[in-house]
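Novice: Structure incoming, see below.
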Amino acid sequence: MSEKSIGRRSLLGGGLSLAATGALAAACSSTTATNSSGGGPLAGKKVIFVVHEKNSFFSPVQKGFEAFGQAMGWNTQFMGPAAFDQSAVVNMMQNAVNAKPDGLILTRIDETSYDGVIKAALAAKIPVILSNVASEGYAKLGVGFVGQKFVPAGVTAGEQILKYIGKHGGRKDGAIIIGKIQAGNSALEQRGAGIRKAVEDHNKANGTSFTTEDLIVGTDEAGAVSKINDRYSRDPASIAGWAGTAFECQFVSTWAKSKNLVGRFANGGFDMTVPVLNGIKDGSVDFTIGQNPYAQGWVAAALLAQQIHPGYPSFTYDTGAEVVDAANVAAVADREAKFA
Amino acid sequence: MAVLAGTGIRKRFGGVEALRGVDISIEEGEVVGLMGDNGAGKSTLMKVLCGAVRPDGGTFTMNGGPVQLRSPRDATAHGIAVVYQDLALVDQRDVATNVFLGREPRRGLVVDRGRMRREARSVLDELSIRIASVRLPVGGLSGGQRQCIAIARAVHQGGRVVLLDEPTAALGPEQQANVLKLITRLKERGTAVIVVSHNVDHVLAVCDRVVVMRAGQVQGVRDARSTNAATIVGLILGDIAADTVVHTEVAS
Amino acid sequence: MTTTIDIATTRDAAPSPLRKLFGAHEFGVLSATLLIFLFCTVFVPNFLTSDNLISVAQQIAFIGIIGTGMTLLVIAGEIDLSVGSQYGFLSVMTAYTLTEMVLPVWLATVLVVGFGALIGLVQGLITTVAKVPSFVVTLAGLAILRGAALLVTDGVPMSGPPNPGFHDLVSGNAIGSLAAQTIWMAAVMLLFGWVLSRTKFGYDVYATGGNMKAATNAGIRAVRVKVLCFALTGALCGLAGVILVGWLGSANPLTGNGFELSVIAAVVVGGASLAGGVGSIVGTLLGALVAGLIGNALVLLGVEGNWQQVATGVLILTAVLINRFIASRQSALR
C-alpha cells in the first residue's frame with residue numbers, strides 16, 4: 001500500500017466528517033434567520049449582540065433583542081462565552097466585528113479592555129450600542145447605552161433593605177451583608193457602592209450604627225448556601241440584613257428556609273429570576289430591584305435601528321430600578337413568565 | 001585477573017539477611033549465570049553490583065584495585081551497566097535515541113542527530129542486531145529487538161561489565177535465540193556479562209560459569225560445560241549440599 | 001547478516017519529504033486544520049480577508065504561548081490545570097506592579113515572569129518531591145491562585161498604566177498589520193520548538209515523559225526536568241499576563257477563567273498524549289489554530305450562542321478523531 005492512497009483515504013474521511021459538521025453549523029444558524037417578516041430599509045440587516053457571560057440573566061435581554069429583530073426582519077445573533085474570561089470576550093467581539101454586521105450591541109464591563117474592539121467596529125463604520133453594563137468613560141467613545149444606572153439603583157436597594165430591617169424587629173445596629181454572585185464585575189461593585197452609600201446616609205440621619213461587609217457567594221446554589229451559612233455561623237447575632245447586588249437573595253432564601261430563620265432579618269437584592277419572585281411570594285425575600293432586561297435587548301436594538309436608518313445619533317437610556325415586593329409581585333411574575 | 005570481584009558481601013533488610021557473605025567474580029569476556037529460587041538474594045546482589053543498594057559489608061575490586069559502588073552513577077562510571085527488563089526503553093522514541101538515551105552526542109547546544117544515527121547503526125551492526133531503520137520508534141519493535149537495543153545501549157555507553165536481568169523472559173523462541181546470540185557476541189568482544197535467569201537451558205547454553213544462590217549465600221559454582229541441568233536444579237532447590245570453598249575454586 | 005555499511009546508511013536515510021509529511025505525528029492535525037480552513041474559505045462569508053485572518057492569528061496568541069509550556073509539561077508526563085488561574089493572577093500582578101508599585105515595564109515583566117516561574121517551581125516540587133499527582137496539585141493551585149487574584153484586586157478589575165509604548169510593544173502592529181501578540185507567540189513557539197526537538201533538554205523531556213524509570217536509569221535527572229517544565233509553564237503564563245495587560249489596559253481577576261481547558265484542548269488536538277512522551281510545538285500551534293478558526297467561523301457563520309458551545313465541542317472531537325484515524329493508518333503503513 002502506498003502512502004499516497006492512505007493520504008487520499010484519510011482526506012476523504014476527514015472531508016466527510018467536516019461536511020457533517022458543516023451541516024450542523026448550517027442547522028444552527030438557520031434557527032436565527034428571522035427575515036420572514038418586516039420590510040423597509042432595515043430588512044435583512046445583520047445585527048450581533050455579544051455579552052460578557054451567557055447566563056440565565058440574559059434570557060429576557062435576548063428575547064427583547066430577538067423580538068425587535070424579528071419585527072424589523074433582521075438576522076440576529078446573540079452570543080457570549082459560557083464562563084467569563086476577558087480575552088475570550090474580546091476575541092468573540094473581534095470575530096463579531098470581522099463578520100461585518102450592520103450593527104453591534106456589546107456589554108462593556110470594564111473601562112479599558114473592550115475599547116480596542118469598539119474602536120475597531122466604529123472604524124469599520126459599524127454602529128455600536130452598549131447594553132446592560134457600560135462602565136465609566138463610555139461616553140467618550142461616542143456610543144449609546146441602554147441599562148441601569150447602577151449606583152442610584154444600589155442606593156434604592158440600600159433604602160429598601162433598611163426599610164425592611166425596620167419591619168423585621170427594628171434593630172439599630174448590625175451588619176448588612178452585601179452579597180455578590182461574582183467578583184470583578186463593575187456593575188455589581190457599583191450597586192454595592194450604592195448600598196453602602198444608602199447605609200452611611202441612613203446612619204448619619206438616624207443615629208444608627210449599621211455596618212456593611214461583602215460576601216462573594218458565586219452562582220452555584222450549594223456553594224452559595226454553604227458560604228452564607230458559614231458567615232451566619234461565625235456570628236449569628238451580628239446580621240441585620242442580606243442585600244444582594246444580583247440574585248443572591250434566592251440563595252439566602254433557600255438557606256433561611258432550611259434553617260427556619262425566615263423573618264429573622266431583611267433579605268433583598270436585584271433581578272427577577274423565578275426563585276427570587278417565588279421568594280417574594282412566600283415571604284422569604286422582601287424585595288428585588290428590576291432593571292428591565294427586556295428593554296436592554298429591545299430598546300438597544302431600537303436605538304441601533306434608528307441609528308442605522310434614518311441615522312439619528314444614539315443616546316443613553318436608563319432602564320430604571322423597578323422595586324418589586326409583596327404588593328406587586330403577582331403582576332410582575334405574570335409578566336416575567338412570558339420569557340420562560 | 002577478575003574485571004569485577006566482590007568479597008564477603010552482606011546486606012540486611014530489617015530482620016532479613018538478604019546477603020550473608022557472598023563472593024562473586026567475573027573475568028573479561030566471561031559470561032556468568034546467576035541462578036537461584038525467588039528470595040535467594042539474586043536481585044539484591046544485582047542491585048549491590050550496580051550501586052542501587054549499598055551493602056552492609058564486603059569489598060569490591062575492579063581489575064585488582066579496590067572500588068566503591070555507592071550509587072548507580074559510581075557503577076556507571078566504572079563501566080558497570082545494568083539492563084532491566086522493560087525498564088530500559090522509551091517506546092515513543094526512535095532506536096538511535098534509545099541507544100544514546102541520556103548521553104546524546106552534542107554539537108554545542110544541539111543534539112547531533114546525524115552522528116547519533118550513524119553510531120547507533122554501527123553499534124547495531126557490530127553486535128549483529130537486525131533493525132530495519134534506526135529511525136523507527138522502539139515501541140513498534142519485537143520484544144527481542146527491544147531487549148537487544150537495551151543491551152546495545154549498555155555496551156555502547158561503555159559497559160565493560162553488563163548485568164542482564166531476565167533477558168529472555170517473556171520472549172518467543174526465535175527472539176530468545178537472538179538475545180542469546182547477542183550475549184555470545186558480547187563475550188567475543190571481551191565484555192563481562194552476568195545473566196540473572198530462571199531458565200537453566202539458556203544459562204547452560206550461553207554461560208561459562210553458573211553461580212547458584214540459596215538463602216543469601218552462594219550454594220555452588222559450576223563450570224557450565226561440565227555440569228548439567230539436574231545438578232543446577234539440585235543446587236537451586238538445596239538438594240545438593242553447598243560448596244564450602246567457592247572462591248578458591250574460582251581462583252584456580 | 002549480510003548488510004554492508006552502504007545499505008545500512010541508506011536504510012537509515014531520511015524518508016522522502018512526502019513520506020515524511022504523511023508519516024509525521026502532526027499530519028493528522030495538519031489535515032484537520034487544512035480541511036477546516038478550506039471549509040471556511042468556501043462556506044464562511046468574510047472569512048478570507050486579511051483583517052479576519054490577522055485577528056485569528058492574534059486571538060490564538062495566548063493559547064499558543066501558554067500552550068507551549070503546557071506542551072513540554074504534557075510531554076514530560078505531567079499536567080498543569082492552574083494555567084488559567086496563573087495567567088489571571090499574573091496579569092493582576094502585572095497591573096499591580098505597574099500601577100500600584102509604579103515600576104518600569106521591563107522590571108515589572110521580569111518580576112511577573114519570575115514570579116510565574118516560582119509558582120511553577122513550587123507546584124513542580126510538590127508534585128515530584130511529595131509525589132502528589134500534578135492533577136491534584138494544580139487543581140489546588142487553580143483555586144488558590146484565582147482566590148489570590150480576587151484578593152489582590154478586591155474583585156474589581158485593576159487598570160494598567162496608560163502607556164502607549166507598552167501597548168505597541170505587546171499588541172501594536174508589528175509587521176504590516178500583523179499584531180505584536182502574534183509575533184510574541186511565534187517567537188516563543190520557535191524558541192521552544194527548537195529546544196524541544198533539537199537540544200539535550202528536549203530529548204530529556206521526551207524520555208522523562210515516555211518512561212521515567214528508563215530515563216532515570218539512563219542518568220537523566222527526570223525530577224529536575226519535570227520541575228523545569230512546570231517553571232517554564234509558569235513563566236509563560238507570566239509573559240501572557242504582561243501581554244494581556246499591555247493589550248487591554250486592565251487586568252480582570254477572572255482573566256483566564258476556564259482557559260486551562262482551551263490550552264489542554266489545543267495541546268491534545270495537536271497530537272500530544274496525556275500519558276506523556278508524545279507531542280510537539282508544531283502540533284500545539286495547529287491545535288491552537290483549529291480552536292481559533294472554529295471560534296471565528298462560528299461567529300462569522302451566524303451560529304447562535306448556545307450552539308457555538310456544542311459545535312466547538314463537536315469540532316474538537318472531530319479534529320481529534322481525524323487525528324486518530326490518520327495515526328492508525330500511519331501505523332499500518334509502517
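Here's how to read the names in the C-alpha cells: chain A, B, ... by the order shown, residue numbers from 1 in each chain, ligand numbers from 1 in the order shown.
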So which residues touch region 268-284 of chain A within 8 Å, counting only C-alpha atoms, skipping near sequence neighbours fewer than 6 positions away, as a PyMOL selection string?
Specialist: chain A and resi 57+157+160-161+242-250+253+256-257+262+290-291+325-326+329-330+333+336
Novice: Store the residues picked out above, limited to N, CA and C atoms, as a PDB file, in the first residue's frame.
Specialist:
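Okay, part_5.pdb is ready:
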```
ATOM      1  N   PHE A  57     -29.485  35.323  33.317  1.00  0.00           N
ATOM      2  CA  PHE A  57     -29.953  36.712  33.383  1.00  0.00           C
ATOM      3  C   PHE A  57     -30.268  37.247  31.996  1.00  0.00           C
ATOM      4  N   ALA A 157     -31.739  50.030  46.519  1.00  0.00           N
ATOM      5  CA  ALA A 157     -31.713  48.746  47.213  1.00  0.00           C
ATOM      6  C   ALA A 157     -31.345  48.943  48.675  1.00  0.00           C
ATOM      7  N   GLN A 160     -34.287  50.212  50.581  1.00  0.00           N
ATOM      8  CA  GLN A 160     -35.261  49.134  50.779  1.00  0.00           C
ATOM      9  C   GLN A 160     -34.840  48.219  51.929  1.00  0.00           C
ATOM     10  N   ILE A 161     -33.560  47.834  51.946  1.00  0.00           N
ATOM     11  CA  ILE A 161     -33.126  46.877  52.954  1.00  0.00           C
ATOM     12  C   ILE A 161     -33.273  47.507  54.345  1.00  0.00           C
ATOM     13  N   TRP A 242     -29.520  40.972  54.558  1.00  0.00           N
ATOM     14  CA  TRP A 242     -28.746  40.483  53.416  1.00  0.00           C
ATOM     15  C   TRP A 242     -29.162  41.311  52.210  1.00  0.00           C
ATOM     16  N   ALA A 243     -28.230  42.071  51.663  1.00  0.00           N
ATOM     17  CA  ALA A 243     -28.544  42.890  50.493  1.00  0.00           C
ATOM     18  C   ALA A 243     -27.694  42.414  49.324  1.00  0.00           C
ATOM     19  N   GLY A 244     -28.342  41.798  48.373  1.00  0.00           N
ATOM     20  CA  GLY A 244     -27.588  41.284  47.231  1.00  0.00           C
ATOM     21  C   GLY A 244     -27.350  42.358  46.186  1.00  0.00           C
ATOM     22  N   THR A 245     -26.338  42.121  45.336  1.00  0.00           N
ATOM     23  CA  THR A 245     -26.113  43.014  44.203  1.00  0.00           C
ATOM     24  C   THR A 245     -26.626  42.377  42.915  1.00  0.00           C
ATOM     25  N   ALA A 246     -27.059  41.122  43.003  1.00  0.00           N
ATOM     26  CA  ALA A 246     -27.732  40.442  41.898  1.00  0.00           C
ATOM     27  C   ALA A 246     -28.795  39.538  42.543  1.00  0.00           C
ATOM     28  N   PHE A 247     -28.855  38.272  42.138  1.00  0.00           N
ATOM     29  CA  PHE A 247     -29.928  37.408  42.645  1.00  0.00           C
ATOM     30  C   PHE A 247     -29.501  36.556  43.847  1.00  0.00           C
ATOM     31  N   GLU A 248     -28.525  37.070  44.658  1.00  0.00           N
ATOM     32  CA  GLU A 248     -28.054  36.307  45.817  1.00  0.00           C
ATOM     33  C   GLU A 248     -29.166  36.033  46.821  1.00  0.00           C
ATOM     34  N   CYS A 249     -30.218  36.897  46.837  1.00  0.00           N
ATOM     35  CA  CYS A 249     -31.269  36.731  47.840  1.00  0.00           C
ATOM     36  C   CYS A 249     -31.988  35.391  47.679  1.00  0.00           C
ATOM     37  N   GLN A 250     -31.935  34.805  46.464  1.00  0.00           N
ATOM     38  CA  GLN A 250     -32.592  33.499  46.311  1.00  0.00           C
ATOM     39  C   GLN A 250     -31.826  32.419  47.070  1.00  0.00           C
ATOM     40  N   SER A 253     -32.659  32.890  50.660  1.00  0.00           N
ATOM     41  CA  SER A 253     -33.995  32.343  50.880  1.00  0.00           C
ATOM     42  C   SER A 253     -33.938  30.825  51.080  1.00  0.00           C
ATOM     43  N   ALA A 256     -32.313  30.193  54.483  1.00  0.00           N
ATOM     44  CA  ALA A 256     -33.123  30.591  55.640  1.00  0.00           C
ATOM     45  C   ALA A 256     -34.275  29.615  55.851  1.00  0.00           C
ATOM     46  N   LYS A 257     -34.848  29.154  54.722  1.00  0.00           N
ATOM     47  CA  LYS A 257     -35.956  28.199  54.849  1.00  0.00           C
ATOM     48  C   LYS A 257     -35.457  26.901  55.466  1.00  0.00           C
ATOM     49  N   VAL A 262     -36.428  32.247  58.444  1.00  0.00           N
ATOM     50  CA  VAL A 262     -37.130  33.245  57.639  1.00  0.00           C
ATOM     51  C   VAL A 262     -37.751  34.293  58.559  1.00  0.00           C
ATOM     52  N   GLY A 290     -35.711  45.452  39.840  1.00  0.00           N
ATOM     53  CA  GLY A 290     -35.619  45.051  38.438  1.00  0.00           C
ATOM     54  C   GLY A 290     -34.879  46.094  37.625  1.00  0.00           C
ATOM     55  N   GLN A 291     -34.267  45.668  36.540  1.00  0.00           N
ATOM     56  CA  GLN A 291     -33.596  46.638  35.664  1.00  0.00           C
ATOM     57  C   GLN A 291     -34.131  46.542  34.247  1.00  0.00           C
ATOM     58  N   ASP A 325     -42.105  44.007  45.303  1.00  0.00           N
ATOM     59  CA  ASP A 325     -42.273  43.447  46.645  1.00  0.00           C
ATOM     60  C   ASP A 325     -43.611  42.733  46.718  1.00  0.00           C
ATOM     61  N   ALA A 326     -44.054  42.405  47.897  1.00  0.00           N
ATOM     62  CA  ALA A 326     -45.267  41.607  48.047  1.00  0.00           C
ATOM     63  C   ALA A 326     -46.462  42.278  47.364  1.00  0.00           C
ATOM     64  N   VAL A 329     -45.861  41.704  43.308  1.00  0.00           N
ATOM     65  CA  VAL A 329     -45.131  40.536  42.793  1.00  0.00           C
ATOM     66  C   VAL A 329     -45.976  39.683  41.842  1.00  0.00           C
ATOM     67  N   ALA A 330     -47.297  39.607  42.090  1.00  0.00           N
ATOM     68  CA  ALA A 330     -48.124  38.735  41.253  1.00  0.00           C
ATOM     69  C   ALA A 330     -48.109  39.210  39.805  1.00  0.00           C
ATOM     70  N   ALA A 333     -44.644  38.666  38.254  1.00  0.00           N
ATOM     71  CA  ALA A 333     -44.390  37.251  37.955  1.00  0.00           C
ATOM     72  C   ALA A 333     -45.106  36.846  36.674  1.00  0.00           C
ATOM     73  N   GLU A 336     -43.003  38.246  33.808  1.00  0.00           N
ATOM     74  CA  GLU A 336     -41.717  37.560  33.595  1.00  0.00           C
ATOM     75  C   GLU A 336     -41.912  36.146  33.071  1.00  0.00           C
TER      76      GLU A 336
END
```
Novice: Quick one: DSSP strand (DSSP E or B) residues in region 129-289 of chain A, as a PyMOL selection string?
Specialist: chain A and resi 129-131+144-147+173-180+209-216+239-244+266-270+287-289
Novice: Pick out the closest residue to Val200 (chain B) from this set: B:Val83, B:Ala229, B:Leu69, B:Val221. Count only C-alpha atoms.
Specialist: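 When distances to Val200 (chain B) are compared using only C-alpha atoms, the smallest one comes from B:Ala229.
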Novice: Any idea what's packed within 12 Å of Arg185 (chain B), counting only C-alpha atoms, ignoring anything in its chain fewer than 3 positions away? Could you give it as a list in words?
Specialist: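 Result of the neighbour search: Gly29, Glu30, Val31, Val123, Leu124, Asp125, Glu126, Leu127, Ser128, Ile129, Cys148, Ile151, Ala152, Val155, Asn178, Val179, Leu180, Lys181, Leu182, Glu188, Arg189, Gly190, Thr191, Ala192, Val193 and Val206 of chain B.
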Novice: Output the selection as a short mmCIF file (atom, residue, chain, number, x, y, z; two decimals), in the first residue's frame - C-alpha atoms for each residue.
Specialist:
```cif
data_model
loop_
_atom_site.label_atom_id
_atom_site.label_comp_id
_atom_site.auth_asym_id
_atom_site.auth_seq_id
_atom_site.Cartn_x
_atom_site.Cartn_y
_atom_site.Cartn_z
CA GLY B 29 34.96 -11.95 28.16
CA GLU B 30 33.28 -14.28 30.61
CA VAL B 31 29.57 -14.97 30.91
CA VAL B 123 26.80 -0.40 17.24
CA LEU B 124 23.87 -2.47 15.99
CA ASP B 125 25.96 -3.85 13.12
CA GLU B 126 28.87 -4.63 15.39
CA LEU B 127 26.58 -6.63 17.65
CA SER B 128 24.79 -8.16 14.64
CA ILE B 129 21.46 -6.77 15.78
CA CYS B 148 18.86 -6.20 22.10
CA ILE B 151 21.80 -4.34 25.73
CA ALA B 152 23.37 -2.38 22.87
CA VAL B 155 27.56 -1.79 25.77
CA ASN B 178 18.63 -13.74 19.08
CA VAL B 179 19.23 -12.46 22.58
CA LEU B 180 21.42 -15.49 23.44
CA LYS B 181 23.36 -14.90 20.23
CA LEU B 182 23.90 -11.30 21.27
CA GLU B 188 33.57 -12.34 21.89
CA ARG B 189 34.12 -8.59 22.25
CA GLY B 190 35.57 -9.11 25.72
CA THR B 191 32.62 -7.81 27.67
CA ALA B 192 31.95 -9.48 31.01
CA VAL B 193 28.29 -10.46 31.31
CA VAL B 206 25.39 -19.27 26.90
#
```
Novice: Name the residues in contact with region 65-73 of chain A at a cut-off of 12 Å, using only C-alpha atoms, excluding same-chain residues fewer than 2 positions from it; report them as an MDAnalysis selection string.
Specialist: (chainID A and resid 31:50 58:63 75:79 103:105 131 146 293:306 309 339) or (chainID C and resid 304)
Novice: Pull N, CA and C atoms from the residues just selected and write them as a short mmCIF file (atom, residue, chain, number, x, y, z; two decimals), in the first residue's frame.
Specialist:
```
data_model
loop_
_atom_site.label_atom_id
_atom_site.label_comp_id
_atom_site.auth_asym_id
_atom_site.auth_seq_id
_atom_site.Cartn_x
_atom_site.Cartn_y
_atom_site.Cartn_z
N THR A 31 -31.59 28.73 12.79
CA THR A 31 -32.56 29.00 13.84
C THR A 31 -32.72 30.49 14.09
N THR A 32 -31.75 31.29 13.68
CA THR A 32 -31.84 32.71 13.99
C THR A 32 -32.12 33.55 12.75
N ALA A 33 -32.27 32.91 11.62
CA ALA A 33 -32.58 33.67 10.42
C ALA A 33 -34.05 34.07 10.47
N THR A 34 -34.30 35.33 10.76
CA THR A 34 -35.68 35.75 11.05
C THR A 34 -36.17 36.77 10.02
N ASN A 35 -35.66 36.65 8.81
CA ASN A 35 -36.04 37.66 7.82
C ASN A 35 -37.34 37.32 7.10
N SER A 36 -38.25 36.67 7.86
CA SER A 36 -39.51 36.29 7.23
C SER A 36 -40.51 37.44 7.24
N SER A 37 -40.36 38.33 8.24
CA SER A 37 -41.35 39.40 8.34
C SER A 37 -40.66 40.75 8.19
N GLY A 38 -41.40 41.80 8.40
CA GLY A 38 -40.83 43.14 8.34
C GLY A 38 -40.58 43.58 6.91
N GLY A 39 -39.91 44.71 6.80
CA GLY A 39 -39.64 45.22 5.47
C GLY A 39 -38.96 46.57 5.57
N GLY A 40 -38.94 47.29 4.54
CA GLY A 40 -38.36 48.61 4.55
C GLY A 40 -36.86 48.59 4.49
N PRO A 41 -36.25 49.74 4.70
CA PRO A 41 -34.79 49.87 4.52
C PRO A 41 -33.99 49.06 5.53
N LEU A 42 -34.59 48.62 6.61
CA LEU A 42 -33.84 47.90 7.63
C LEU A 42 -33.93 46.39 7.48
N ALA A 43 -34.77 45.94 6.52
CA ALA A 43 -34.97 44.49 6.39
C ALA A 43 -33.66 43.80 6.03
N GLY A 44 -33.47 42.60 6.61
CA GLY A 44 -32.32 41.78 6.26
C GLY A 44 -31.01 42.23 6.87
N LYS A 45 -31.04 43.23 7.75
CA LYS A 45 -29.79 43.67 8.39
C LYS A 45 -29.28 42.60 9.34
N LYS A 46 -27.97 42.52 9.41
CA LYS A 46 -27.34 41.55 10.32
C LYS A 46 -26.88 42.28 11.58
N VAL A 47 -27.42 41.88 12.71
CA VAL A 47 -27.07 42.55 13.97
C VAL A 47 -26.61 41.49 14.98
N ILE A 48 -25.46 41.74 15.61
CA ILE A 48 -24.89 40.77 16.55
C ILE A 48 -24.82 41.39 17.95
N PHE A 49 -25.22 40.61 18.94
CA PHE A 49 -25.21 41.03 20.34
C PHE A 49 -24.22 40.12 21.07
N VAL A 50 -23.15 40.69 21.63
CA VAL A 50 -22.17 39.88 22.37
C VAL A 50 -22.19 40.31 23.83
N PHE A 58 -29.46 36.84 31.03
CA PHE A 58 -29.57 37.44 29.70
C PHE A 58 -30.71 36.88 28.84
N SER A 59 -31.44 35.88 29.38
CA SER A 59 -32.55 35.32 28.59
C SER A 59 -33.56 36.39 28.17
N PRO A 60 -34.09 37.20 29.13
CA PRO A 60 -35.03 38.24 28.67
C PRO A 60 -34.36 39.29 27.77
N VAL A 61 -33.06 39.56 28.00
CA VAL A 61 -32.36 40.51 27.12
C VAL A 61 -32.39 39.98 25.69
N GLN A 62 -32.05 38.69 25.58
CA GLN A 62 -32.03 38.05 24.26
C GLN A 62 -33.43 38.06 23.64
N LYS A 63 -34.46 37.77 24.48
CA LYS A 63 -35.83 37.76 23.95
C LYS A 63 -36.21 39.13 23.41
N ASN A 75 -31.45 39.62 10.66
CA ASN A 75 -30.74 38.40 11.05
C ASN A 75 -30.06 38.69 12.38
N THR A 76 -30.55 38.09 13.44
CA THR A 76 -29.97 38.39 14.75
C THR A 76 -29.11 37.23 15.24
N GLN A 77 -28.11 37.58 16.01
CA GLN A 77 -27.19 36.59 16.56
C GLN A 77 -26.83 37.06 17.97
N PHE A 78 -27.06 36.20 18.96
CA PHE A 78 -26.82 36.57 20.36
C PHE A 78 -25.84 35.59 20.96
N MET A 79 -24.74 36.07 21.51
CA MET A 79 -23.72 35.13 21.99
C MET A 79 -22.90 35.71 23.14
N GLY A 103 -24.84 46.20 12.59
CA GLY A 103 -24.87 46.84 13.90
C GLY A 103 -24.42 45.86 14.96
N LEU A 104 -23.93 46.42 16.08
CA LEU A 104 -23.33 45.59 17.11
C LEU A 104 -23.81 46.08 18.47
N ILE A 105 -24.24 45.16 19.33
CA ILE A 105 -24.60 45.52 20.70
C ILE A 105 -23.66 44.75 21.63
N SER A 131 -25.04 47.74 26.12
CA SER A 131 -26.23 47.33 26.83
C SER A 131 -25.83 46.71 28.16
N VAL A 146 -27.84 51.38 26.95
CA VAL A 146 -29.16 51.05 27.46
C VAL A 146 -28.97 50.15 28.68
N PRO A 293 -34.53 43.93 31.93
CA PRO A 293 -33.61 43.34 30.96
C PRO A 293 -34.21 43.25 29.56
N TYR A 294 -35.52 43.11 29.48
CA TYR A 294 -36.15 43.02 28.16
C TYR A 294 -35.83 44.28 27.35
N ALA A 295 -35.93 45.42 28.04
CA ALA A 295 -35.62 46.69 27.36
C ALA A 295 -34.16 46.77 26.96
N GLN A 296 -33.30 46.12 27.75
CA GLN A 296 -31.87 46.16 27.43
C GLN A 296 -31.58 45.45 26.11
N GLY A 297 -32.48 44.57 25.71
CA GLY A 297 -32.38 43.98 24.39
C GLY A 297 -33.18 44.77 23.37
N TRP A 298 -34.44 45.03 23.74
CA TRP A 298 -35.38 45.63 22.79
C TRP A 298 -35.02 47.08 22.47
N VAL A 299 -34.80 47.86 23.53
CA VAL A 299 -34.51 49.28 23.32
C VAL A 299 -33.13 49.46 22.67
N ALA A 300 -32.17 48.60 23.09
CA ALA A 300 -30.84 48.70 22.48
C ALA A 300 -30.94 48.47 20.98
N ALA A 301 -31.75 47.47 20.60
CA ALA A 301 -31.93 47.19 19.17
C ALA A 301 -32.64 48.35 18.48
N ALA A 302 -33.60 48.95 19.20
CA ALA A 302 -34.35 50.07 18.61
C ALA A 302 -33.43 51.29 18.39
N LEU A 303 -32.57 51.55 19.39
CA LEU A 303 -31.63 52.68 19.23
C LEU A 303 -30.71 52.44 18.03
N LEU A 304 -30.30 51.17 17.91
CA LEU A 304 -29.43 50.81 16.81
C LEU A 304 -30.16 51.03 15.48
N ALA A 305 -31.45 50.63 15.46
CA ALA A 305 -32.23 50.73 14.23
C ALA A 305 -32.33 52.17 13.76
N GLN A 306 -32.65 53.08 14.71
CA GLN A 306 -32.81 54.48 14.28
C GLN A 306 -31.46 55.12 13.96
N HIS A 309 -30.84 53.61 10.28
CA HIS A 309 -31.73 54.33 9.37
C HIS A 309 -32.86 54.95 10.15
N PHE A 339 -41.18 34.97 29.49
CA PHE A 339 -39.86 34.65 28.94
C PHE A 339 -39.45 33.21 29.22
N GLU C 304 -25.83 30.66 16.48
CA GLU C 304 -26.36 31.24 17.71
C GLU C 304 -25.51 30.78 18.90
#
```
Novice: Residues of region 53-147 of chain C classed as alpha helix (DSSP H) by DSSP on the backbone are to be reported as a count of residues only.
Specialist: 74
Novice: Residues of chain C within 8 Å of chain B, counting only C-alpha atoms - could you list those as a list in words?
Specialist: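 Matching residues, ligands excluded from the count: Met1, Ala8, Thr9, Arg11, Asp12, Arg198, Thr199, Lys200, Asp204, Tyr206, Ala207, Gly210, Asn211, Lys213, Ala214, Ala215, Asn217, Ala218, Gly219, Ile220, Gly277 and Val278 of chain C.
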Novice: Hey, can you spit out that residue selection with N, CA and C atoms as a tab-separated table (two decimals), in the first residue's frame?
Specialist:
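See out.tsv below for the written result:
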```tsv
chain	number	residue	atom	x	y	z
C	1	MET	N	24.15	-12.12	8.91
C	1	MET	CA	23.80	-10.77	8.47
C	1	MET	C	24.69	-10.33	7.32
C	8	ALA	N	23.20	-0.11	5.00
C	8	ALA	CA	22.78	0.34	6.33
C	8	ALA	C	22.48	1.84	6.33
C	9	THR	N	23.37	2.62	5.72
C	9	THR	CA	23.14	4.06	5.77
C	9	THR	C	21.93	4.45	4.94
C	11	ARG	N	19.32	2.64	4.50
C	11	ARG	CA	18.15	2.24	5.28
C	11	ARG	C	17.80	3.29	6.32
C	12	ASP	N	18.83	3.88	6.89
C	12	ASP	CA	18.59	4.87	7.94
C	12	ASP	C	18.42	6.27	7.39
C	198	ARG	N	15.49	19.77	19.37
C	198	ARG	CA	16.89	19.72	19.00
C	198	ARG	C	17.87	19.60	20.17
C	199	THR	N	17.49	20.12	21.32
C	199	THR	CA	18.50	20.17	22.39
C	199	THR	C	18.41	18.95	23.31
C	200	LYS	N	19.46	18.78	24.07
C	200	LYS	CA	19.54	17.70	25.05
C	200	LYS	C	18.36	17.79	26.03
C	204	ASP	N	15.56	15.04	26.88
C	204	ASP	CA	15.30	14.59	28.25
C	204	ASP	C	13.81	14.68	28.58
C	206	TYR	N	11.25	14.36	26.48
C	206	TYR	CA	10.56	13.21	25.86
C	206	TYR	C	10.85	11.92	26.63
C	207	ALA	N	12.13	11.72	27.02
C	207	ALA	CA	12.49	10.49	27.72
C	207	ALA	C	11.79	10.40	29.07
C	210	GLY	N	8.15	9.67	28.46
C	210	GLY	CA	7.94	8.38	27.80
C	210	GLY	C	8.12	7.23	28.76
C	211	ASN	N	9.16	7.28	29.56
C	211	ASN	CA	9.42	6.21	30.52
C	211	ASN	C	10.35	6.77	31.59
C	213	LYS	N	11.24	5.81	34.47
C	213	LYS	CA	12.18	4.87	35.08
C	213	LYS	C	13.41	4.68	34.17
C	214	ALA	N	13.13	4.49	32.87
C	214	ALA	CA	14.23	4.32	31.92
C	214	ALA	C	15.09	5.57	31.88
C	215	ALA	N	14.43	6.74	31.90
C	215	ALA	CA	15.18	7.99	31.85
C	215	ALA	C	16.08	8.10	33.07
C	217	ASN	N	17.17	5.64	34.97
C	217	ASN	CA	18.23	4.64	34.85
C	217	ASN	C	19.32	5.08	33.88
C	218	ALA	N	18.93	5.88	32.88
C	218	ALA	CA	19.91	6.33	31.90
C	218	ALA	C	20.64	7.59	32.38
C	219	GLY	N	20.41	7.97	33.62
C	219	GLY	CA	21.16	9.09	34.19
C	219	GLY	C	20.51	10.45	33.95
C	220	ILE	N	19.29	10.47	33.40
C	220	ILE	CA	18.59	11.74	33.21
C	220	ILE	C	17.96	12.16	34.53
C	277	GLY	N	5.32	11.67	26.75
C	277	GLY	CA	6.26	11.15	25.75
C	277	GLY	C	5.97	11.50	24.32
C	278	VAL	N	4.78	12.04	24.03
C	278	VAL	CA	4.41	12.35	22.66
C	278	VAL	C	3.85	13.77	22.58
```
Novice: Which one is closest to Glu78 (chain C): C:Leu274, C:Ala117, C:Ala108, C:Leu53? Count only C-alpha atoms.
Specialist: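 Of the candidates, the smallest distance to Glu78 (chain C) is held by C:Leu274.
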